[in-house]
Amino acid sequence: MGQGASGAMPRYNPQVIEPKWQRYWEEHQTFRTPRLPEGQKYYVLDMFPYPSGEGLHVGHPEGYTATDIMARYKRMRGWCVMHPMGFDAFGLPAEEHAITKGVPPQESTYRNIANFRRQLKMLGFSYDWSRELATTDPDYYRWTQWIFLVLFDTWFDPQQQKGRPIAELPIPEEVQAQGPEAVEQYRDEHRLAYQAEALVNWCPALGTVLANEEVKDGRSERGGHPVQRIPLRQWMLRITAYADRLERELDLVDWPEGIKALQRNWIGRSEGAEVDFFIGSQEEFQQWRQRRQQTGFPRKPEPNVLRVYTTRPDTLFGATYMVIAPEHPLLDQLTTPEQREQVEQYRRQAATKSDLDRTDLAKQKTGVFTGSYAINPVNGREIPIWVADYVLMSYGTGAIMAVPAHDERDFEFAQQYHLPVVAVVDPEQAEGVDREAVLAGRVAFTGPGRAINSGPYNGLTTEEFKRRITEDLARQGLGRFAVNYRLRDWLFSRQRFWGEPFPILHELDDQGRPTGRVVPVPEEELPVLLPQIDDYKPIGRPEPPLEKAPPEWLYVQRDGKRYKRETNTMPQWAGSCWYYLRFLDPKNQQRFVDPEVERAWMPVDLYVGGAEHAVLHLLYARFWHKVLYDRGYVSTPEPFMKLVNQGMILGEVEITGYQDAEGRWVSADLVASDDEDRPVHKQTGQELRAVKIDPQQAEKRQNRFVLKEHPEIRLESRAYKMSKSRGNVVNPDHVVQQFGADALRLYEMFMGPLEATKPWSMDGVSGVRNFLDRVWRLVIDQHAPQMQLHPAVADVEPNEEQLRVLHRTIKAVTEDIEKMSFNTAIARMMEFVNFFTHQDPRPKRALEQFVLLLSPFAPHLAEELWQALGHEQSLAYEPWPEWEEKYVKQETLELPVQVNGKVRGRITVPADADQEQIKQAALSDEKVAAYVQGKQVARVIVVPGRLVNVVVR
RNA sequence: GCCGGAGUGGCGGAAUUGGCAGACGCGCCGGACUCAAAAUCCGGUGGGGCUCACCCCCCGUGUGGGUUCGACUCCCACCUCCGGCACCA
């Protein structure tokens with residue numbers, strides 16, 4: 001360096017300035033938010049993290065930086081911003097850790113939280129840390145329990161489509177007549193939180209049951225362990241009651257269409273009809289039909305009736321057999337003595353089959369004839385009733401009418417067991433359909449067409465037929481219009497320690513056996529704290545660890561009766577269902593949130609998080625919110641107005657080649673993967689070795705990468721999900737150490753659109769760090785012995801050109817932030833710096849405006865420069881720069897001139913030139929004239945401000 | 001199979017009420033500074049062609065068609081990749 005005092009030279013040093021400003025913000029409570037908004041409010045929320053032992057992942061700061069930019073920007077625009085952070089801290093990993101290492105979950109959880117908090121603060125996010133919460137705080141889960149009690153105290157009124165207090169549930173007379181116990185039972189059957197003996201997804205390896213949402217292909221989503229179906233008493237939440245509103249009210253929110261589609265898909269609403277099939281003799285059938293004419297369609301079918309749900313009532317005449325699920329309650333009654341043995345065996349088989357087996361065997365359908373017949377209500381024909389596990393008890397009525405001619409599954413089953421196929425829909429000229437084969441029953445046709453073989457309905461279109469027959473069936477009391485949902489009720493209990501205890505007591509009799517009666521723990525006694533236990537291990541039986549709690553916790557004496565506490569705990573999703581409300585009033589000891597505060601801040605204006613929560617968290621939270629809304633505890637029907645999903649960040653791009661055992665290269669197009677995802681040779685099946693290739697050794701030919709030395713060997717070039725096993729995980733601590741927090745923030749925003757999946761690149765980080773260095777040198781004289789402004793920085797008025805660049809930058813950056821198009825906003829700022837680096841003098845005023853523009857993205861650097869420019873206070877509440885249109889507009893425009901669509905020249909015209917002037921200028925341009933010469937000008941298209949196209953012949 | 005999303009230089013990406021394809025950054029090449037290196041600064045960089053004398057020409061946004069004066073953008077058919085669902089009657 002040659003200069004003695006080089007250490008004192010004011011270089012850009014994030015290691016020093018970042019902690020400095022973090023300390024400043026903390027000391028000055030810069031981002032403290034008032035109880036009630038002052039002026040216009042803006043609630044910007046991140047999906048709070050699960051504090052894992054690994055610490056922050058580079059995926060976290062992506063969304064967090066985006067929201068932080070919005071928060072800082074809005075503050076400078078004068079909005080009152082709510083921007084909190086907390087931790088979703090209940091969950092399996094802490095408990096697994098407790099089991100293997102013997103560390104109590106409380107301890108490891110709070111240690112992990114401390115680490116997360118440190119990392120988040122290191123990145124300079126402008127959270128109001130005084131609102132921090134963790135779902136594991138007794139002061140928080142007290143209110144999670146309280147909301148559970150609200151759910152317990154609520155029934156859904158289908159008339160009003162609304163949750164109401166259980167006390168308002170109308171009790172039918174016949175129930176009333178059976179006494180108070182029956183009434184209580186009737187109430188319990190209608191609560192949104194209820195107990196059921198449910199077939200649950202029991203995972204022996206995890207020692208808990210799982211929600212349907214947590215099971216993928218018969219294995220647990222976490223860990224990939226096998227899952228079995230066993231019956232167990234469980235707490236359920238009646239989310240299906242809200243299915244309709246959860247779907248319909250998606251219209252109220254500004255979410256990506258893709259996420260809405262995902263939720264609609266999950267809810268899976270379908271319309272069709274319920275139809276009753278009589279089981280008995282022809283004579284009885286006639287009487288039954290007549291009776292039904294009078295009574296209409298009953299709420300529950302009589303025992304001699306099989307009720308089915310179908311979306312295609314128009315194919316009723318094509319029903320050639322029926323199928324009921326193995327768990328169907330009528331199965332016993334329908335099974336004839338001759339068939340009993342077979343049916344029993346089949347039922348046992350189906351019951352012990354795990355979901356995994358059921359999926360594996362999906363290719364081959366199985367079933368057994370019950371021996372009974374049902375009578376088709378529309379034509380009086382008798383058809384056999386089968387039992388098969390391709391029909392699910394949990395959907396519709398657990399029974400179907402099978403129409404093999406017009407349903408793929410029924411067709412497959414009919415082929416398997418040689419059941420008749422009768423076509424009742426003529427596909428006519430439907431594209432790509434073999435009409436002859438359909439009519440002959442050789443293939444299934446599932447599309448719409450025209451009715452045949454359907455008696456009086458022949459000739460109707462599918463659409464028309466559906467409507468007519470549904471009406472006709474309803475009039476005769478044989479069927480009714482019906483809606484079904486794929487969505488199931490939410491299995492809400494877990495056999496784990498590290499979750500919220502249920503505020504529920506089970507009454508015991510004199511022998512200490514449960515009577516079946518449950519009572520809620522009174523609100524004043526909340527929270528029900530987790531007890532101290534020494535052994536967290538699941539027992540291997542579906543019996544919760546809380547069974548091992550000390551008796552003084554487990555047993556409660558009340559009004560002379562003994563009660564045992566509920567020992568299941570709530571699933572991890574519980575805490576995240578309402579945290580956005582608690583942030584508004586985190587210290588409130590009287591209520592879960594003060595209504596005044598709630599009304600002032602809700603709804604969340606912007607919610608950012610990963611798409612992996614598209615169905616689970618977002619559906620559950622919306623459900624709870626709607627219940628709270630119906631019960632008058634919150635003021636908005638939906639919690640999250642605008643939702644943005646940040647994309648995944650992948651590891652660095654890797655180029656991979658493949659070699660066989662002898663070390664010979666194998667072209668990537670000859671490589672397949674086996675069951676365990678290992679590479680094998682497509683033809684020989686031989687196992688191959690994946691080799692990481694240095695980019696220097698590869699080159700691109702056409703659209704593929706090949707080995708430079710052997711161009712016939714194709715390589716694979718792609719980025720993979722970050723994972724410990726692949727060793728491509730990027731640690732934010734290291735990035736901050738090496739490049740600084742501002743560089744990390746800026747890079748994550750510069751990588752590409754927020755929503756896109758994008759690969760990490762350390763070179764990219766150093767690129768934006770380079771930009772920050774240039775910003776520093778734009779303002780600071782780094783060769784001076786101490787901190788001082790660059791000599792070119794002067795208190796002068798900007799010239800015309802500088803004003804233009806400045807104002808265009810302000811406009812572009814502002815509009816890009818509004819669109820959350822952060823990558824392009826950063827590109828605009830880079831252009832500004834490229835331009836102003838060459839300016840001498842550099843007007844201080846212009847630089848100040850620029851520093852303000854930069855501040856939401858790189859807040860530490862911006863604060864430091866703001867101070868160097870002579871300001872004493874933080875820039876966090878400085879007014880956002882405004883642009884003036886007169887500097888943004890151009891006086892003259894350079895327009896390209898095309899001849900027959902190809903650019904052949906360019907002209908310069910005044911910005912306000914009219915079409916005729918532009919046309920003349922274009923035609924008189926030398927180059928254009930050369931192309932036009934000797935040809936006929938057919939048309940001249942002038943697009944103001946864009947281009948001119950001369951069409952010649 | 002069904003539902004979403006995406007295919008643009010060596011790489012990340014920019015540009016759509018249809019109007020100059022490749023902004024900005026990385027990488028690479030060349031130059032300046034230096035004894036040298038790092039850092040920094042300047043210039044170049046889609047492919048091909050040309051007497052490549054810096055001018056000009058042709059091709060080019062996954063593939064094939066179409067609409068249009070004009071298509072990365074709209075329409076039809078298809079291919080590939082990513083995400084989700086998957087016996088839901």
# chains A, B, ... in the order shown; residues from 1 in each chain; ligands from 1
$ interface_residues --of "chain A" --to "chain B" --cutoff "7 Å" --atoms "only C-alpha atoms (C1' of nucleotides)" --output "list in words"
Gly258, Thr310, Tyr390, Tyr395, Ile400, Arg409, Arg486, Met751, Gly752, Asp763, Gly764, Gly767, Ala827, Pro896, Asn900, Gly901, Arg946, Leu947, Asn949 and Val951 of chain A
$ write_last_selection --atoms "N, CA and C atoms" --output "mmCIF file, in the first residue's frame"
data_model
loop_
_atom_site.group_PDB
_atom_site.id
_atom_site.type_symbol
_atom_site.label_atom_id
_atom_site.label_comp_id
_atom_site.auth_asym_id
_atom_site.auth_seq_id
_atom_site.Cartn_x
_atom_site.Cartn_y
_atom_site.Cartn_z
ATOM 1 N N GLY A 258 -52.049 -19.694 -9.003
ATOM 2 C CA GLY A 258 -51.559 -21.056 -8.817
ATOM 3 C C GLY A 258 -51.844 -21.576 -7.417
ATOM 4 N N THR A 310 -72.777 -39.868 -6.896
ATOM 5 C CA THR A 310 -72.206 -39.879 -8.247
ATOM 6 C C THR A 310 -72.172 -38.477 -8.831
ATOM 7 N N TYR A 390 -61.117 -50.181 -3.855
ATOM 8 C CA TYR A 390 -60.933 -48.964 -4.660
ATOM 9 C C TYR A 390 -62.015 -47.946 -4.355
ATOM 10 N N TYR A 395 -65.045 -41.064 1.516
ATOM 11 C CA TYR A 395 -65.515 -40.103 0.519
ATOM 12 C C TYR A 395 -66.943 -40.425 0.121
ATOM 13 N N ILE A 400 -70.657 -46.854 -4.328
ATOM 14 C CA ILE A 400 -70.841 -46.262 -5.653
ATOM 15 C C ILE A 400 -71.730 -47.153 -6.507
ATOM 16 N N ARG A 409 -62.058 -46.537 -13.794
ATOM 17 C CA ARG A 409 -61.831 -47.479 -12.693
ATOM 18 C C ARG A 409 -62.839 -48.610 -12.717
ATOM 19 N N ARG A 486 -63.316 -33.286 -1.379
ATOM 20 C CA ARG A 486 -62.193 -34.185 -1.187
ATOM 21 C C ARG A 486 -61.578 -33.950 0.199
ATOM 22 N N MET A 751 -30.793 -11.994 -7.687
ATOM 23 C CA MET A 751 -30.709 -13.288 -8.375
ATOM 24 C C MET A 751 -31.739 -13.459 -9.477
ATOM 25 N N GLY A 752 -32.906 -12.890 -9.272
ATOM 26 C CA GLY A 752 -33.980 -13.078 -10.238
ATOM 27 C C GLY A 752 -35.294 -12.746 -9.573
ATOM 28 N N ASP A 763 -20.092 -16.351 -7.082
ATOM 29 C CA ASP A 763 -19.600 -15.283 -7.960
ATOM 30 C C ASP A 763 -20.613 -14.146 -8.031
ATOM 31 N N GLY A 764 -21.887 -14.522 -8.005
ATOM 32 C CA GLY A 764 -22.935 -13.515 -8.034
ATOM 33 C C GLY A 764 -22.892 -12.651 -6.783
ATOM 34 N N GLY A 767 -20.261 -10.244 -7.064
ATOM 35 C CA GLY A 767 -20.655 -9.209 -8.019
ATOM 36 C C GLY A 767 -21.417 -8.073 -7.359
ATOM 37 N N ALA A 827 -30.818 -3.304 -10.740
ATOM 38 C CA ALA A 827 -30.163 -3.011 -12.023
ATOM 39 C C ALA A 827 -30.199 -1.516 -12.319
ATOM 40 N N PRO A 896 -36.414 3.745 -34.183
ATOM 41 C CA PRO A 896 -35.954 2.850 -35.250
ATOM 42 C C PRO A 896 -36.960 2.873 -36.394
ATOM 43 N N ASN A 900 -40.357 -3.290 -44.016
ATOM 44 C CA ASN A 900 -40.903 -4.644 -43.984
ATOM 45 C C ASN A 900 -40.489 -5.416 -42.727
ATOM 46 N N GLY A 901 -40.547 -4.718 -41.613
ATOM 47 C CA GLY A 901 -40.329 -5.398 -40.344
ATOM 48 C C GLY A 901 -38.888 -5.547 -39.940
ATOM 49 N N ARG A 946 -42.416 4.647 -30.260
ATOM 50 C CA ARG A 946 -41.858 3.306 -30.373
ATOM 51 C C ARG A 946 -41.044 3.103 -31.650
ATOM 52 N N LEU A 947 -41.723 3.082 -32.794
ATOM 53 C CA LEU A 947 -40.999 2.869 -34.047
ATOM 54 C C LEU A 947 -41.838 3.216 -35.254
ATOM 55 N N ASN A 949 -42.676 1.637 -39.183
ATOM 56 C CA ASN A 949 -42.506 0.511 -40.094
ATOM 57 C C ASN A 949 -43.023 0.914 -41.471
ATOM 58 N N VAL A 951 -43.958 -0.300 -45.074
ATOM 59 C CA VAL A 951 -44.269 -1.530 -45.813
ATOM 60 C C VAL A 951 -44.170 -1.237 -47.289
#
$ residues_around --residues "G30 (chain B)" --least-positions-apart "3" --cutoff "12 Å" --atoms "only C-alpha atoms (C1' of nucleotides)" --output "ChimeraX atom specification"
/B:42-45
$ write_last_selection --atoms "N, CA and C atoms (P, O5', C5', C4', C3', O3' and C1' of nucleotides)" --output "CSV table (one decimal), in the first residue's frame"
chain,number,residue,atom,x,y,z
B,42,C,P,-14.7,2.6,-15.8
B,42,C,O5',-13.9,2.5,-17.2
B,42,C,C5',-13.4,3.6,-17.8
B,42,C,C4',-12.7,3.3,-19.1
B,42,C,C3',-13.4,2.4,-20.0
B,42,C,O3',-14.4,3.1,-20.8
B,42,C,C1',-11.2,1.5,-19.7
B,43,G,P,-15.7,2.4,-21.2
B,43,G,O5',-15.2,1.3,-22.3
B,43,G,C5',-14.7,1.8,-23.6
B,43,G,C4',-14.1,0.7,-24.4
B,43,G,C3',-15.1,-0.5,-24.7
B,43,G,O3',-16.0,-0.2,-25.8
B,43,G,C1',-12.9,-1.3,-24.1
B,44,G,P,-17.4,-0.9,-25.8
B,44,G,O5',-17.0,-2.4,-26.2
B,44,G,C5',-16.4,-2.7,-27.5
B,44,G,C4',-16.0,-4.1,-27.6
B,44,G,C3',-17.1,-5.1,-27.4
B,44,G,O3',-17.9,-5.3,-28.6
B,44,G,C1',-15.1,-5.8,-26.2
B,45,U,P,-19.4,-5.5,-28.4
B,45,U,O5',-19.4,-7.0,-27.9
B,45,U,C5',-18.9,-8.1,-28.7
B,45,U,C4',-18.9,-9.4,-27.9
B,45,U,C3',-20.2,-9.8,-27.3
B,45,U,O3',-21.1,-10.4,-28.2
B,45,U,C1',-18.4,-10.0,-25.7
$ select_by_dssp --residues "region 533-696 of chain A" --states "helix (DSSP H, G or I)" --output "count of residues only"
46
$ atom_distance --atom1 "CA of Glu257 (chain A)" --atom2 "CA of Asp489 (chain A)"
24.8 Å
$ select_by_dssp --residues "region 388-594 of chain A" --states "strand (DSSP E or B)" --output "number ranges by chain"
A: 399-402, 425-426, 450-451, 461, 479-484, 490-491, 494, 501, 504-508, 514-520, 555-558, 561-565, 569
$ residues_around --residues "U67 (chain B)" --least-positions-apart "3" --cutoff "12 Å" --atoms "only C-alpha atoms (C1' of nucleotides)" --output "ChimeraX atom specification"
/B:18,70-71,74-76
$ write_last_selection --atoms "N, CA, C and O atoms (P, O5', C5', C4', C3', O3' and C1' of nucleotides)" --output "JSON list (two decimals), in the first residue's frame"
[["chain", "number", "residue", "atom", "x", "y", "z"],
["B", 18, "G", "P", -51.06, -7.07, -26.72],
["B", 18, "G", "O5'", -49.51, -6.79, -26.84],
["B", 18, "G", "C5'", -48.59, -7.84, -26.69],
["B", 18, "G", "C4'", -47.51, -7.71, -27.72],
["B", 18, "G", "C3'", -47.12, -6.28, -28.04],
["B", 18, "G", "O3'", -45.72, -6.26, -28.28],
["B", 18, "G", "C1'", -47.79, -7.40, -30.02],
["B", 70, "G", "P", -46.40, -9.16, -41.45],
["B", 70, "G", "O5'", -45.63, -8.72, -40.13],
["B", 70, "G", "C5'", -44.23, -8.42, -40.20],
["B", 70, "G", "C4'", -43.76, -7.85, -38.89],
["B", 70, "G", "C3'", -44.00, -8.72, -37.68],
["B", 70, "G", "O3'", -43.00, -9.70, -37.55],
["B", 70, "G", "C1'", -44.64, -6.51, -37.21],
["B", 71, "A", "P", -43.36, -11.09, -36.89],
["B", 71, "A", "O5'", -43.76, -10.71, -35.40],
["B", 71, "A", "C5'", -42.78, -10.16, -34.50],
["B", 71, "A", "C4'", -42.81, -10.95, -33.19],
["B", 71, "A", "C3'", -42.39, -12.40, -33.33],
["B", 71, "A", "O3'", -41.76, -12.81, -32.13],
["B", 71, "A", "C1'", -44.60, -12.32, -32.56],
["B", 74, "C", "P", -48.54, -14.64, -24.81],
["B", 74, "C", "O5'", -49.62, -14.50, -25.98],
["B", 74, "C", "C5'", -50.71, -13.60, -25.86],
["B", 74, "C", "C4'", -51.65, -13.78, -27.02],
["B", 74, "C", "C3'", -51.91, -15.22, -27.44],
["B", 74, "C", "O3'", -52.90, -15.81, -26.63],
["B", 74, "C", "C1'", -51.42, -13.95, -29.36],
["B", 75, "C", "P", -52.89, -17.40, -26.37],
["B", 75, "C", "O5'", -53.42, -17.96, -27.77],
["B", 75, "C", "C5'", -54.76, -17.75, -28.18],
["B", 75, "C", "C4'", -55.00, -18.47, -29.48],
["B", 75, "C", "C3'", -54.61, -19.94, -29.48],
["B", 75, "C", "O3'", -55.62, -20.75, -28.91],
["B", 75, "C", "C1'", -53.73, -18.90, -31.41],
["B", 76, "C", "P", -55.18, -22.09, -28.13],
["B", 76, "C", "O5'", -54.82, -23.08, -29.32],
["B", 76, "C", "C5'", -55.81, -23.50, -30.24],
["B", 76, "C", "C4'", -55.19, -24.39, -31.30],
["B", 76, "C", "C3'", -54.35, -25.54, -30.78],
["B", 76, "C", "O3'", -55.12, -26.63, -30.36],
["B", 76, "C", "C1'", -53.21, -24.45, -32.54]]
$ atom_distance --atom1 "CA of Arg582 (chain A)" --atom2 "CA of Glu132 (chain A)"
9.7 Å
